[in-house]
$ cat target_33.csv   # CSV, C-alpha atoms
chain,number,residue,atom,x,y,z
A,1,MET,CA,-26.3,-48.4,-25.6
A,2,LYS,CA,-29.7,-48.8,-24.1
A,3,ARG,CA,-28.2,-48.3,-20.6
A,4,MET,CA,-26.4,-45.1,-21.8
A,5,LYS,CA,-29.7,-43.8,-23.2
A,6,ARG,CA,-31.5,-44.6,-20.0
A,7,ARG,CA,-28.9,-42.9,-17.9
A,8,LYS,CA,-29.0,-39.8,-20.0
A,9,LYS,CA,-32.8,-39.8,-19.8
A,10,ASN,CA,-32.8,-40.2,-16.1
A,11,ARG,CA,-30.2,-37.4,-15.7
A,12,PHE,CA,-32.4,-35.2,-17.8
A,13,LEU,CA,-35.5,-36.0,-15.8
A,14,VAL,CA,-33.7,-35.4,-12.5
A,15,LEU,CA,-32.3,-32.1,-13.8
A,16,SER,CA,-35.7,-31.1,-15.1
A,17,HIS,CA,-37.3,-31.8,-11.7
A,18,VAL,CA,-34.7,-29.9,-9.9
A,19,VAL,CA,-35.1,-26.9,-12.2
A,20,LEU,CA,-38.9,-27.0,-11.9
A,21,ILE,CA,-38.8,-27.4,-8.1
A,22,PHE,CA,-36.5,-24.4,-7.9
A,23,LEU,CA,-38.7,-22.3,-10.2
A,24,SER,CA,-41.8,-23.4,-8.1
A,25,ILE,CA,-40.1,-22.2,-4.9
A,26,CYS,CA,-39.2,-18.9,-6.5
A,27,LEU,CA,-42.8,-18.4,-7.6
A,28,ALA,CA,-44.2,-19.4,-4.2
A,29,ALA,CA,-41.7,-17.5,-2.1
A,30,PRO,CA,-43.3,-14.0,-2.7
A,31,PHE,CA,-46.8,-15.3,-1.7
A,32,LEU,CA,-45.4,-16.9,1.4
A,33,LEU,CA,-43.5,-13.7,2.3
A,34,LEU,CA,-46.8,-11.7,1.8
A,35,ILE,CA,-48.7,-14.0,4.1
A,36,ILE,CA,-46.0,-14.0,6.8
A,37,SER,CA,-45.7,-10.2,6.6
A,38,SER,CA,-49.4,-9.8,7.2
A,39,PHE,CA,-49.0,-11.6,10.5
A,40,THR,CA,-45.8,-9.7,11.5
A,41,GLU,CA,-45.9,-7.2,14.3
A,42,GLU,CA,-46.0,-3.6,13.0
A,43,SER,CA,-43.0,-2.3,14.9
A,44,MET,CA,-40.9,-5.3,13.8
A,45,ALA,CA,-41.9,-4.9,10.2
A,46,VAL,CA,-41.0,-1.1,10.3
A,47,LYS,CA,-37.7,-1.7,12.1
A,48,TYR,CA,-36.4,-4.8,10.4
A,49,GLY,CA,-38.4,-5.0,7.2
A,50,TYR,CA,-40.3,-8.0,5.9
A,51,SER,CA,-38.8,-11.4,6.7
A,52,PHE,CA,-39.7,-15.1,6.4
A,53,PHE,CA,-38.7,-15.3,10.1
A,54,PRO,CA,-40.1,-12.2,11.8
A,55,LYS,CA,-39.1,-11.3,15.3
A,56,GLY,CA,-42.7,-10.7,16.4
A,57,TRP,CA,-46.1,-12.0,15.4
A,58,SER,CA,-49.4,-10.0,15.5
A,59,LEU,CA,-53.0,-10.2,14.3
A,60,ASP,CA,-53.4,-6.4,14.5
A,61,ALA,CA,-53.7,-6.0,10.7
A,62,TYR,CA,-56.6,-8.5,10.5
A,63,ARG,CA,-58.2,-7.0,13.6
A,64,TYR,CA,-58.1,-3.6,11.8
A,65,ILE,CA,-59.8,-5.3,8.8
A,66,MET,CA,-62.5,-6.8,11.0
A,67,GLY,CA,-63.0,-3.5,12.7
A,68,ASN,CA,-63.7,-1.8,9.4
A,69,LEU,CA,-65.7,-4.7,7.9
A,70,PRO,CA,-68.3,-2.5,6.3
A,71,LEU,CA,-65.7,-0.8,4.2
A,72,PHE,CA,-63.8,-3.9,3.1
A,73,GLY,CA,-66.9,-6.0,2.9
A,74,LYS,CA,-68.5,-3.7,0.5
A,75,ALA,CA,-65.4,-3.4,-1.6
A,76,TYR,CA,-65.1,-7.2,-1.6
A,77,LEU,CA,-68.8,-7.6,-2.6
A,78,ILE,CA,-68.4,-5.1,-5.5
A,79,THR,CA,-65.4,-6.9,-6.8
A,80,ILE,CA,-67.2,-10.3,-6.6
A,81,LEU,CA,-70.3,-9.0,-8.4
A,82,VAL,CA,-68.4,-7.3,-11.1
A,83,THR,CA,-66.2,-10.4,-11.7
A,84,VAL,CA,-69.1,-12.8,-11.8
A,85,THR,CA,-71.1,-10.5,-14.1
A,86,GLY,CA,-68.1,-9.8,-16.3
A,87,VAL,CA,-67.2,-13.5,-16.7
A,88,ILE,CA,-70.8,-14.5,-17.6
A,89,ALA,CA,-71.3,-11.6,-20.0
A,90,GLY,CA,-67.8,-11.9,-21.5
A,91,LEU,CA,-68.2,-15.6,-22.1
A,92,LEU,CA,-71.5,-15.1,-23.8
A,93,ILE,CA,-70.3,-12.3,-26.1
A,94,ALA,CA,-67.0,-13.9,-26.9
A,95,SER,CA,-68.4,-17.3,-27.6
A,96,LEU,CA,-71.2,-16.0,-29.8
A,97,MET,CA,-68.7,-14.0,-31.9
A,98,ALA,CA,-66.3,-17.0,-32.0
A,99,TYR,CA,-68.9,-19.4,-33.0
A,100,THR,CA,-70.0,-17.1,-35.9
A,101,LEU,CA,-66.4,-16.7,-37.1
A,102,SER,CA,-65.8,-20.5,-36.9
A,103,ARG,CA,-68.7,-21.3,-39.4
A,104,LYS,CA,-67.6,-22.3,-42.8
A,105,GLY,CA,-68.6,-20.1,-45.7
A,106,LEU,CA,-69.4,-17.1,-43.5
A,107,PRO,CA,-69.7,-14.0,-45.8
A,108,GLY,CA,-66.9,-11.6,-44.9
A,109,GLY,CA,-65.6,-14.0,-42.3
A,110,ARG,CA,-61.9,-13.2,-43.1
A,111,LEU,CA,-62.5,-9.5,-42.9
A,112,LEU,CA,-64.3,-9.9,-39.5
A,113,MET,CA,-61.4,-12.1,-38.2
A,114,TYR,CA,-58.9,-9.5,-39.4
A,115,TYR,CA,-60.8,-6.8,-37.5
A,116,VAL,CA,-60.7,-8.9,-34.3
A,117,ILE,CA,-57.0,-9.5,-34.7
A,118,PHE,CA,-56.4,-5.8,-35.4
A,119,THR,CA,-58.0,-4.8,-32.1
A,120,MET,CA,-55.5,-7.1,-30.3
A,121,LEU,CA,-52.6,-5.2,-31.8
A,122,PHE,CA,-53.8,-1.6,-31.9
A,123,ASN,CA,-56.1,0.7,-30.0
A,124,GLY,CA,-56.9,4.4,-29.7
A,125,GLY,CA,-54.9,5.0,-26.6
A,126,LEU,CA,-55.9,6.0,-23.1
A,127,VAL,CA,-57.1,9.5,-23.9
A,128,ALA,CA,-59.3,8.5,-26.8
A,129,THR,CA,-60.7,5.5,-24.7
A,130,TYR,CA,-61.4,7.8,-21.8
A,131,ILE,CA,-63.2,10.4,-23.9
A,132,ASN,CA,-65.2,7.7,-25.7
A,133,TYR,CA,-66.4,6.0,-22.5
A,134,VAL,CA,-67.1,9.2,-20.6
A,135,GLN,CA,-68.7,11.4,-23.3
A,136,VAL,CA,-70.3,8.7,-25.5
A,137,PHE,CA,-71.2,5.9,-23.2
A,138,HIS,CA,-71.5,8.0,-20.0
A,139,ILE,CA,-70.1,5.4,-17.7
A,140,LYS,CA,-68.3,7.9,-15.4
A,141,ASN,CA,-69.1,7.3,-11.7
A,142,THR,CA,-71.3,4.3,-12.5
A,143,TYR,CA,-70.7,0.6,-11.8
A,144,LEU,CA,-70.6,0.1,-15.6
A,145,ALA,CA,-67.1,1.7,-15.4
A,146,LEU,CA,-65.8,-1.4,-13.7
A,147,LEU,CA,-67.5,-3.7,-16.2
A,148,ALA,CA,-67.7,-2.3,-19.7
A,149,PRO,CA,-64.1,-1.5,-20.6
A,150,ASN,CA,-62.8,-5.1,-19.9
A,151,LEU,CA,-66.0,-6.6,-21.4
A,152,LEU,CA,-65.3,-4.9,-24.8
A,153,CYS,CA,-61.6,-5.9,-24.9
A,154,ASN,CA,-61.9,-9.7,-25.3
A,155,ALA,CA,-60.3,-10.3,-28.7
A,156,PHE,CA,-57.9,-12.8,-27.3
A,157,SER,CA,-60.8,-14.8,-25.8
A,158,ILE,CA,-62.6,-14.7,-29.2
A,159,VAL,CA,-59.5,-16.1,-31.0
A,160,MET,CA,-59.1,-19.0,-28.5
A,161,LEU,CA,-62.8,-19.9,-28.6
A,162,LYS,CA,-62.9,-19.7,-32.4
A,163,ASN,CA,-60.0,-22.0,-32.8
A,164,TYR,CA,-61.5,-24.5,-30.3
A,165,PHE,CA,-64.9,-24.5,-32.1
A,166,GLN,CA,-63.3,-24.8,-35.5
A,167,PHE,CA,-60.6,-27.5,-34.9
A,168,SER,CA,-61.7,-29.4,-31.8
A,169,ILE,CA,-65.5,-29.9,-32.4
A,170,PRO,CA,-66.4,-32.1,-35.4
A,171,GLY,CA,-68.4,-30.2,-37.9
A,172,ASP,CA,-70.5,-33.3,-38.6
A,173,LEU,CA,-72.2,-32.9,-35.2
A,174,GLY,CA,-73.5,-29.5,-36.2
A,175,GLU,CA,-74.7,-30.8,-39.6
A,176,ALA,CA,-76.4,-33.7,-37.9
A,177,ALA,CA,-78.2,-31.4,-35.6
A,178,GLN,CA,-79.2,-29.1,-38.5
A,179,ILE,CA,-80.7,-32.1,-40.3
A,180,ASP,CA,-82.7,-32.8,-37.2
A,181,GLY,CA,-84.1,-29.3,-37.4
A,182,ALA,CA,-81.9,-27.4,-35.0
A,183,SER,CA,-81.3,-23.7,-35.6
A,184,GLU,CA,-77.9,-22.1,-35.4
A,185,LEU,CA,-78.6,-21.0,-31.8
A,186,GLY,CA,-79.8,-24.5,-31.0
A,187,ILE,CA,-76.6,-26.0,-32.3
A,188,PHE,CA,-74.6,-23.4,-30.4
A,189,PHE,CA,-76.3,-23.9,-27.0
A,190,LYS,CA,-77.1,-27.6,-27.2
A,191,VAL,CA,-74.1,-29.0,-29.1
A,192,VAL,CA,-71.2,-26.6,-29.1
A,193,LEU,CA,-71.2,-25.2,-25.6
A,194,PRO,CA,-71.6,-28.6,-23.8
A,195,LEU,CA,-68.5,-29.9,-25.7
A,196,SER,CA,-66.5,-26.8,-24.9
A,197,LYS,CA,-66.1,-26.9,-21.1
A,198,PRO,CA,-62.3,-26.9,-21.2
A,199,ILE,CA,-61.9,-23.8,-23.3
A,200,LEU,CA,-64.9,-22.1,-21.5
A,201,ALA,CA,-63.3,-22.7,-18.1
A,202,THR,CA,-60.0,-21.4,-19.5
A,203,VAL,CA,-61.4,-18.2,-20.8
A,204,ALA,CA,-63.5,-17.8,-17.7
A,205,LEU,CA,-60.4,-18.0,-15.5
A,206,ILE,CA,-58.5,-15.5,-17.7
A,207,VAL,CA,-61.4,-13.1,-17.8
A,208,GLY,CA,-62.2,-13.5,-14.1
A,209,LEU,CA,-58.5,-12.8,-13.1
A,210,ALA,CA,-58.6,-9.7,-15.3
A,211,TYR,CA,-61.7,-8.4,-13.5
A,212,TRP,CA,-60.6,-9.4,-10.1
A,213,ASN,CA,-57.2,-7.7,-10.4
A,214,ASP,CA,-58.4,-4.6,-12.2
A,215,TRP,CA,-57.9,-1.3,-10.5
A,216,GLN,CA,-57.3,1.0,-13.4
A,217,ASN,CA,-60.9,1.4,-14.4
A,218,GLY,CA,-61.9,2.4,-10.9
A,219,LEU,CA,-59.0,4.9,-10.9
A,220,TYR,CA,-59.9,6.4,-14.2
A,221,TYR,CA,-63.7,6.5,-14.1
A,222,LEU,CA,-64.7,6.6,-10.4
A,223,ASP,CA,-64.4,9.7,-8.3
A,224,ASP,CA,-66.5,8.2,-5.5
A,225,THR,CA,-64.3,5.9,-3.4
A,226,ALA,CA,-67.5,4.3,-2.0
A,227,MET,CA,-67.8,2.5,-5.4
A,228,HIS,CA,-64.3,1.1,-5.3
A,229,GLY,CA,-63.6,-2.6,-5.4
A,230,ILE,CA,-61.0,-4.4,-3.2
A,231,GLN,CA,-58.1,-3.7,-5.6
A,232,ASN,CA,-58.9,0.1,-5.6
A,233,VAL,CA,-59.1,0.1,-1.8
A,234,LEU,CA,-55.7,-1.6,-1.7
A,235,ASN,CA,-54.3,0.9,-4.2
A,236,ASP,CA,-55.7,3.8,-2.2
A,237,MET,CA,-54.1,2.5,1.0
A,238,ASN,CA,-50.8,2.0,-0.7
A,239,SER,CA,-50.7,5.5,-2.2
A,240,ASN,CA,-52.4,7.5,0.5
A,241,ALA,CA,-51.9,7.0,4.2
A,242,LYS,CA,-54.7,9.5,4.9
A,243,TYR,CA,-57.1,6.9,3.4
A,244,LEU,CA,-56.3,4.7,6.4
A,245,MET,CA,-56.7,7.6,8.9
A,246,GLN,CA,-60.3,8.3,7.9
A,247,PHE,CA,-61.3,4.9,9.3
A,248,ALA,CA,-59.1,5.0,12.3
A,249,GLY,CA,-61.7,6.4,14.7
A,250,GLY,CA,-59.1,8.5,16.6
A,251,ARG,CA,-56.5,5.7,16.7
A,252,GLY,CA,-54.3,7.1,13.9
A,253,ALA,CA,-51.0,6.3,15.7
A,254,SER,CA,-52.0,2.7,16.4
A,255,ILE,CA,-52.9,1.7,12.8
A,256,PRO,CA,-50.7,-1.0,11.4
A,257,THR,CA,-50.2,0.9,8.2
A,258,THR,CA,-47.4,-1.4,6.9
A,259,THR,CA,-48.8,-4.8,7.7
A,260,VAL,CA,-52.4,-4.0,7.0
A,261,ARG,CA,-51.5,-3.5,3.3
A,262,MET,CA,-50.1,-7.0,3.3
A,263,ALA,CA,-53.3,-8.3,5.0
A,264,ILE,CA,-55.5,-6.7,2.4
A,265,ALA,CA,-53.4,-8.2,-0.4
A,266,VAL,CA,-53.8,-11.6,1.2
A,267,VAL,CA,-57.5,-11.1,1.4
A,268,GLY,CA,-57.5,-9.9,-2.2
A,269,ILE,CA,-55.7,-13.0,-3.6
A,270,LEU,CA,-57.4,-15.6,-1.4
A,271,PRO,CA,-60.4,-16.3,-3.6
A,272,VAL,CA,-58.1,-16.8,-6.6
A,273,LEU,CA,-56.0,-19.3,-4.7
A,274,VAL,CA,-59.1,-21.1,-3.6
A,275,VAL,CA,-60.8,-21.2,-7.1
A,276,TYR,CA,-57.8,-21.9,-9.3
A,277,PRO,CA,-57.2,-25.6,-8.3
A,278,PHE,CA,-60.7,-26.4,-9.5
A,279,PHE,CA,-60.0,-24.9,-12.9
A,280,GLN,CA,-56.4,-26.2,-13.3
A,281,GLU,CA,-57.4,-29.4,-15.2
A,282,TYR,CA,-59.7,-27.5,-17.6
A,283,PHE,CA,-57.1,-24.7,-18.0
A,284,ALA,CA,-54.4,-27.1,-19.2
A,285,LYS,CA,-56.8,-28.8,-21.7
A,286,GLY,CA,-58.2,-25.6,-22.9
A,287,ILE,CA,-54.9,-23.9,-23.5
A,288,THR,CA,-53.7,-26.9,-25.5
A,289,ALA,CA,-56.8,-27.5,-27.5
A,290,GLY,CA,-57.6,-23.8,-28.1
A,291,ALA,CA,-54.1,-22.9,-29.2
A,292,VAL,CA,-53.7,-21.3,-32.7
A,293,LYS,CA,-53.2,-24.1,-35.3
A,294,GLY,CA,-51.6,-23.6,-38.6

$ encode --input "target_33.csv" --output "structure tokens"
Amino acid sequence: MKRMKRRKKNRFLVLSHVVLIFLSICLAAPFLLLIISSFTEESMAVKYGYSFFPKGWSLDAYRYIMGNLPLFGKAYLITILVTVTGVIAGLLIASLMAYTLSRKGLPGGRLLMYYVIFTMLFNGGLVATYINYVQVFHIKNTYLALLAPNLLCNAFSIVMLKNYFQFSIPGDLGEAAQIDGASELGIFFKVVLPLSKPILATVALIVGLAYWNDWQNGLYYLDDTAMHGIQNVLNDMNSNAKYLMQFAGGRGASIPTTTVRMAIAVVGILPVLVVYPFFQEYFAKGITAGAVKG
């Protein structure tokens, strides 16, 4: 009986590993194809399409990027600054709101929580949002256009942080700190935040990815392409070949228009691939501990 159970368990484990390996290959294959395509010779990519085994290799796409470093460097810097600022501000706002909602006996706490959940399910729509940000907050053609819309849409982060604060941090610690004379802000910054690294890292990763991959805000609120981040530059290149020509310097025919898009995409995702392994451990813990509990 025991041998039968072991065999069944071993078969299940082998099958699980095979399925997971297959899924991992399926997930990794597009990224590998993207990287290989960026090193493919332009004429081969146009003639034969993208391939894992290209007939010709070339660095022309990356030479083009290096030749237009001021353009891409500025876009990259804008995206980095917006992402870092958004993550810090987003974490501060969301964690303060979440800590408030996690406190027992908060007057109107259920109503406030209902309001937060409501914003996750319903919104005023794109037209109302655009009018609100442009005519009320006046963020049109300012760098706040890349920051404010995502910053104010963090209800999911609030729910995750609130559940972590409420269920994963013993309330006795806060009471003990209060007896020692700590204020609510003191408890928050000196007790709660130091014990919340997993969920903070998880939320930081989610918010950071949202800012890094965002191109819609730049499309909606920025008319000046000089203020575009790296994702908007890539979108402009994909949708408008003339965008490439204006930086060609009289070499329009020699621009690797097909492979340079792949190269910019590689450059765009490279920081995410570098940073994610450092957050992976915290990400798994944070998702588990910050999950909604009944």

$ residues_around --input "target_33.csv" --residues "Glu175 in chain A" --least-positions-apart "5" --cutoff "12 Å" --atoms "all atoms listed in the file" --output "short mmCIF file (atom, residue, chain, number, x, y, z; two decimals) with C-alpha atoms, in the frame of the given file"
data_model
loop_
_atom_site.label_atom_id
_atom_site.label_comp_id
_atom_site.auth_asym_id
_atom_site.auth_seq_id
_atom_site.Cartn_x
_atom_site.Cartn_y
_atom_site.Cartn_z
CA ARG A 103 -68.70 -21.30 -39.40
CA LYS A 104 -67.60 -22.30 -42.80
CA ILE A 169 -65.50 -29.90 -32.40
CA PRO A 170 -66.40 -32.10 -35.40
CA ASP A 180 -82.70 -32.80 -37.20
CA GLY A 181 -84.10 -29.30 -37.40
CA ALA A 182 -81.90 -27.40 -35.00
CA SER A 183 -81.30 -23.70 -35.60
CA GLU A 184 -77.90 -22.10 -35.40
CA GLY A 186 -79.80 -24.50 -31.00
CA ILE A 187 -76.60 -26.00 -32.30
CA PHE A 188 -74.60 -23.40 -30.40
CA VAL A 191 -74.10 -29.00 -29.10
CA VAL A 192 -71.20 -26.60 -29.10
#

$ closest_atom_pairs --input "target_33.csv" --of "range 144-176 of chain A" --to "range 220-233 of chain A" --cutoff "10 Å" --atoms "all atoms listed in the file" --output "CSV"
residue,atom,partner,partner_atom,distance
A:Leu144,CA,A:Tyr221,CA,9.5
A:Ala145,CA,A:Tyr221,CA,6.0
A:Leu146,CA,A:Tyr221,CA,8.2

$ residues_near_point --input "target_33.csv" --point "(-57.7, -15.7, -40.5)" --cutoff "12 Å" --atoms "only C-alpha atoms" --output "PDB file with C-alpha atoms, keeping the file's coordinate frame"
ATOM      1  CA  LEU A 101     -66.400 -16.700 -37.100  1.00  0.00           C
ATOM      2  CA  SER A 102     -65.800 -20.500 -36.900  1.00  0.00           C
ATOM      3  CA  GLY A 108     -66.900 -11.600 -44.900  1.00  0.00           C
ATOM      4  CA  GLY A 109     -65.600 -14.000 -42.300  1.00  0.00           C
ATOM      5  CA  ARG A 110     -61.900 -13.200 -43.100  1.00  0.00           C
ATOM      6  CA  LEU A 111     -62.500  -9.500 -42.900  1.00  0.00           C
ATOM      7  CA  LEU A 112     -64.300  -9.900 -39.500  1.00  0.00           C
ATOM      8  CA  MET A 113     -61.400 -12.100 -38.200  1.00  0.00           C
ATOM      9  CA  TYR A 114     -58.900  -9.500 -39.400  1.00  0.00           C
ATOM     10  CA  TYR A 115     -60.800  -6.800 -37.500  1.00  0.00           C
ATOM     11  CA  VAL A 116     -60.700  -8.900 -34.300  1.00  0.00           C
ATOM     12  CA  ILE A 117     -57.000  -9.500 -34.700  1.00  0.00           C
ATOM     13  CA  PHE A 118     -56.400  -5.800 -35.400  1.00  0.00           C
ATOM     14  CA  VAL A 159     -59.500 -16.100 -31.000  1.00  0.00           C
ATOM     15  CA  LYS A 162     -62.900 -19.700 -32.400  1.00  0.00           C
ATOM     16  CA  ASN A 163     -60.000 -22.000 -32.800  1.00  0.00           C
ATOM     17  CA  GLN A 166     -63.300 -24.800 -35.500  1.00  0.00           C
ATOM     18  CA  VAL A 292     -53.700 -21.300 -32.700  1.00  0.00           C
ATOM     19  CA  LYS A 293     -53.200 -24.100 -35.300  1.00  0.00           C
ATOM     20  CA  GLY A 294     -51.600 -23.600 -38.600  1.00  0.00           C
TER      21      GLY A 294
END

$ residues_around --input "target_33.csv" --residues "Leu34 in chain A" --least-positions-apart "5" --cutoff "12 Å" --atoms "all atoms listed in the file" --output "list of chain:residue names"
A:Ala28, A:Ala29, A:Phe39, A:Thr40, A:Ala45, A:Tyr50, A:Ser51, A:Phe52, A:Thr258, A:Thr259, A:Val260, A:Arg261, A:Met262, A:Ala263, A:Ile264, A:Ala265, A:Val266, A:Val267, A:Gly268, A:Ile269, A:Leu270

$ residues_around --input "target_33.csv" --residues "range 203-213 of chain A" --least-positions-apart "6" --cutoff "10 Å" --atoms "all atoms listed in the file" --output "PyMOL selection string"
chain A and resi 76+79-88+90-91+94-95+146-147+150-151+154+156-158+160-161+197+229-232+268-269+271-272+275-276+279-280+282-283+286-287+290

$ closest_residue --input "target_33.csv" --among "A:Ile179, A:Ser37, A:Met120, A:Val136" --to "Asp60 in chain A" --atoms "all atoms listed in the file"
A:Ser37

$ atom_distance --input "target_33.csv" --atom1 "CA of Phe31 in chain A" --atom2 "CA of Val18 in chain A"
20.7 Å

$ closest_residue --input "target_33.csv" --among "A:Ala176, A:Phe72, A:Leu193, A:Leu33" --to "Pro54 in chain A" --atoms "only C-alpha atoms"
A:Leu33

$ closest_residue --input "target_33.csv" --among "A:Met237, A:Phe165, A:Ala75, A:Ile21" --to "Ile199 in chain A" --atoms "only C-alpha atoms"
A:Phe165

$ closest_residue --input "target_33.csv" --among "A:Tyr164, A:Gly174, A:Gly56, A:Leu106" --to "Pro198 in chain A" --atoms "only C-alpha atoms"
A:Tyr164

$ build_atoms --input "target_33.csv" --residues "range 264-281 of chain A" --atoms "N, CA and C atoms" --output "PDB file, in the coordinates of the input"
ATOM      1  N   ILE A 264     -54.511  -6.924   3.445  1.00  0.00           N
ATOM      2  CA  ILE A 264     -55.500  -6.700   2.400  1.00  0.00           C
ATOM      3  C   ILE A 264     -55.115  -7.401   1.121  1.00  0.00           C
ATOM      4  N   ALA A 265     -53.821  -7.428   0.822  1.00  0.00           N
ATOM      5  CA  ALA A 265     -53.400  -8.200  -0.400  1.00  0.00           C
ATOM      6  C   ALA A 265     -53.660  -9.649  -0.231  1.00  0.00           C
ATOM      7  N   VAL A 266     -53.455 -10.190   0.974  1.00  0.00           N
ATOM      8  CA  VAL A 266     -53.800 -11.600   1.200  1.00  0.00           C
ATOM      9  C   VAL A 266     -55.259 -11.848   1.017  1.00  0.00           C
ATOM     10  N   VAL A 267     -56.078 -10.967   1.574  1.00  0.00           N
ATOM     11  CA  VAL A 267     -57.500 -11.100   1.400  1.00  0.00           C
ATOM     12  C   VAL A 267     -57.917 -10.987  -0.039  1.00  0.00           C
ATOM     13  N   GLY A 268     -57.190 -10.132  -0.786  1.00  0.00           N
ATOM     14  CA  GLY A 268     -57.500  -9.900  -2.200  1.00  0.00           C
ATOM     15  C   GLY A 268     -57.207 -11.136  -3.072  1.00  0.00           C
ATOM     16  N   ILE A 269     -56.127 -11.858  -2.776  1.00  0.00           N
ATOM     17  CA  ILE A 269     -55.700 -13.000  -3.600  1.00  0.00           C
ATOM     18  C   ILE A 269     -56.310 -14.318  -3.132  1.00  0.00           C
ATOM     19  N   LEU A 270     -56.876 -14.335  -1.931  1.00  0.00           N
ATOM     20  CA  LEU A 270     -57.400 -15.600  -1.400  1.00  0.00           C
ATOM     21  C   LEU A 270     -58.389 -16.292  -2.236  1.00  0.00           C
ATOM     22  N   PRO A 271     -59.416 -15.596  -2.756  1.00  0.00           N
ATOM     23  CA  PRO A 271     -60.400 -16.300  -3.600  1.00  0.00           C
ATOM     24  C   PRO A 271     -59.754 -16.914  -4.851  1.00  0.00           C
ATOM     25  N   VAL A 272     -58.764 -16.239  -5.423  1.00  0.00           N
ATOM     26  CA  VAL A 272     -58.100 -16.800  -6.600  1.00  0.00           C
ATOM     27  C   VAL A 272     -57.356 -18.064  -6.286  1.00  0.00           C
ATOM     28  N   LEU A 273     -56.675 -18.071  -5.138  1.00  0.00           N
ATOM     29  CA  LEU A 273     -56.000 -19.300  -4.700  1.00  0.00           C
ATOM     30  C   LEU A 273     -56.901 -20.426  -4.431  1.00  0.00           C
ATOM     31  N   VAL A 274     -58.099 -20.106  -3.954  1.00  0.00           N
ATOM     32  CA  VAL A 274     -59.100 -21.100  -3.600  1.00  0.00           C
ATOM     33  C   VAL A 274     -59.722 -21.703  -4.908  1.00  0.00           C
ATOM     34  N   VAL A 275     -60.026 -20.818  -5.861  1.00  0.00           N
ATOM     35  CA  VAL A 275     -60.800 -21.200  -7.100  1.00  0.00           C
ATOM     36  C   VAL A 275     -59.858 -21.898  -8.090  1.00  0.00           C
ATOM     37  N   TYR A 276     -58.611 -21.451  -8.217  1.00  0.00           N
ATOM     38  CA  TYR A 276     -57.800 -21.900  -9.300  1.00  0.00           C
ATOM     39  C   TYR A 276     -57.581 -23.435  -9.360  1.00  0.00           C
ATOM     40  N   PRO A 277     -57.368 -24.147  -8.242  1.00  0.00           N
ATOM     41  CA  PRO A 277     -57.200 -25.600  -8.300  1.00  0.00           C
ATOM     42  C   PRO A 277     -58.332 -26.327  -9.032  1.00  0.00           C
ATOM     43  N   PHE A 278     -59.559 -25.782  -8.905  1.00  0.00           N
ATOM     44  CA  PHE A 278     -60.700 -26.400  -9.500  1.00  0.00           C
ATOM     45  C   PHE A 278     -60.719 -26.214 -11.037  1.00  0.00           C
ATOM     46  N   PHE A 279     -60.016 -25.173 -11.522  1.00  0.00           N
ATOM     47  CA  PHE A 279     -60.000 -24.900 -12.900  1.00  0.00           C
ATOM     48  C   PHE A 279     -58.691 -25.387 -13.610  1.00  0.00           C
ATOM     49  N   GLN A 280     -57.757 -25.879 -12.814  1.00  0.00           N
ATOM     50  CA  GLN A 280     -56.400 -26.200 -13.300  1.00  0.00           C
ATOM     51  C   GLN A 280     -56.497 -27.258 -14.444  1.00  0.00           C
ATOM     52  N   GLU A 281     -57.275 -28.317 -14.231  1.00  0.00           N
ATOM     53  CA  GLU A 281     -57.400 -29.400 -15.200  1.00  0.00           C
ATOM     54  C   GLU A 281     -57.951 -28.858 -16.538  1.00  0.00           C
TER      55      GLU A 281
END
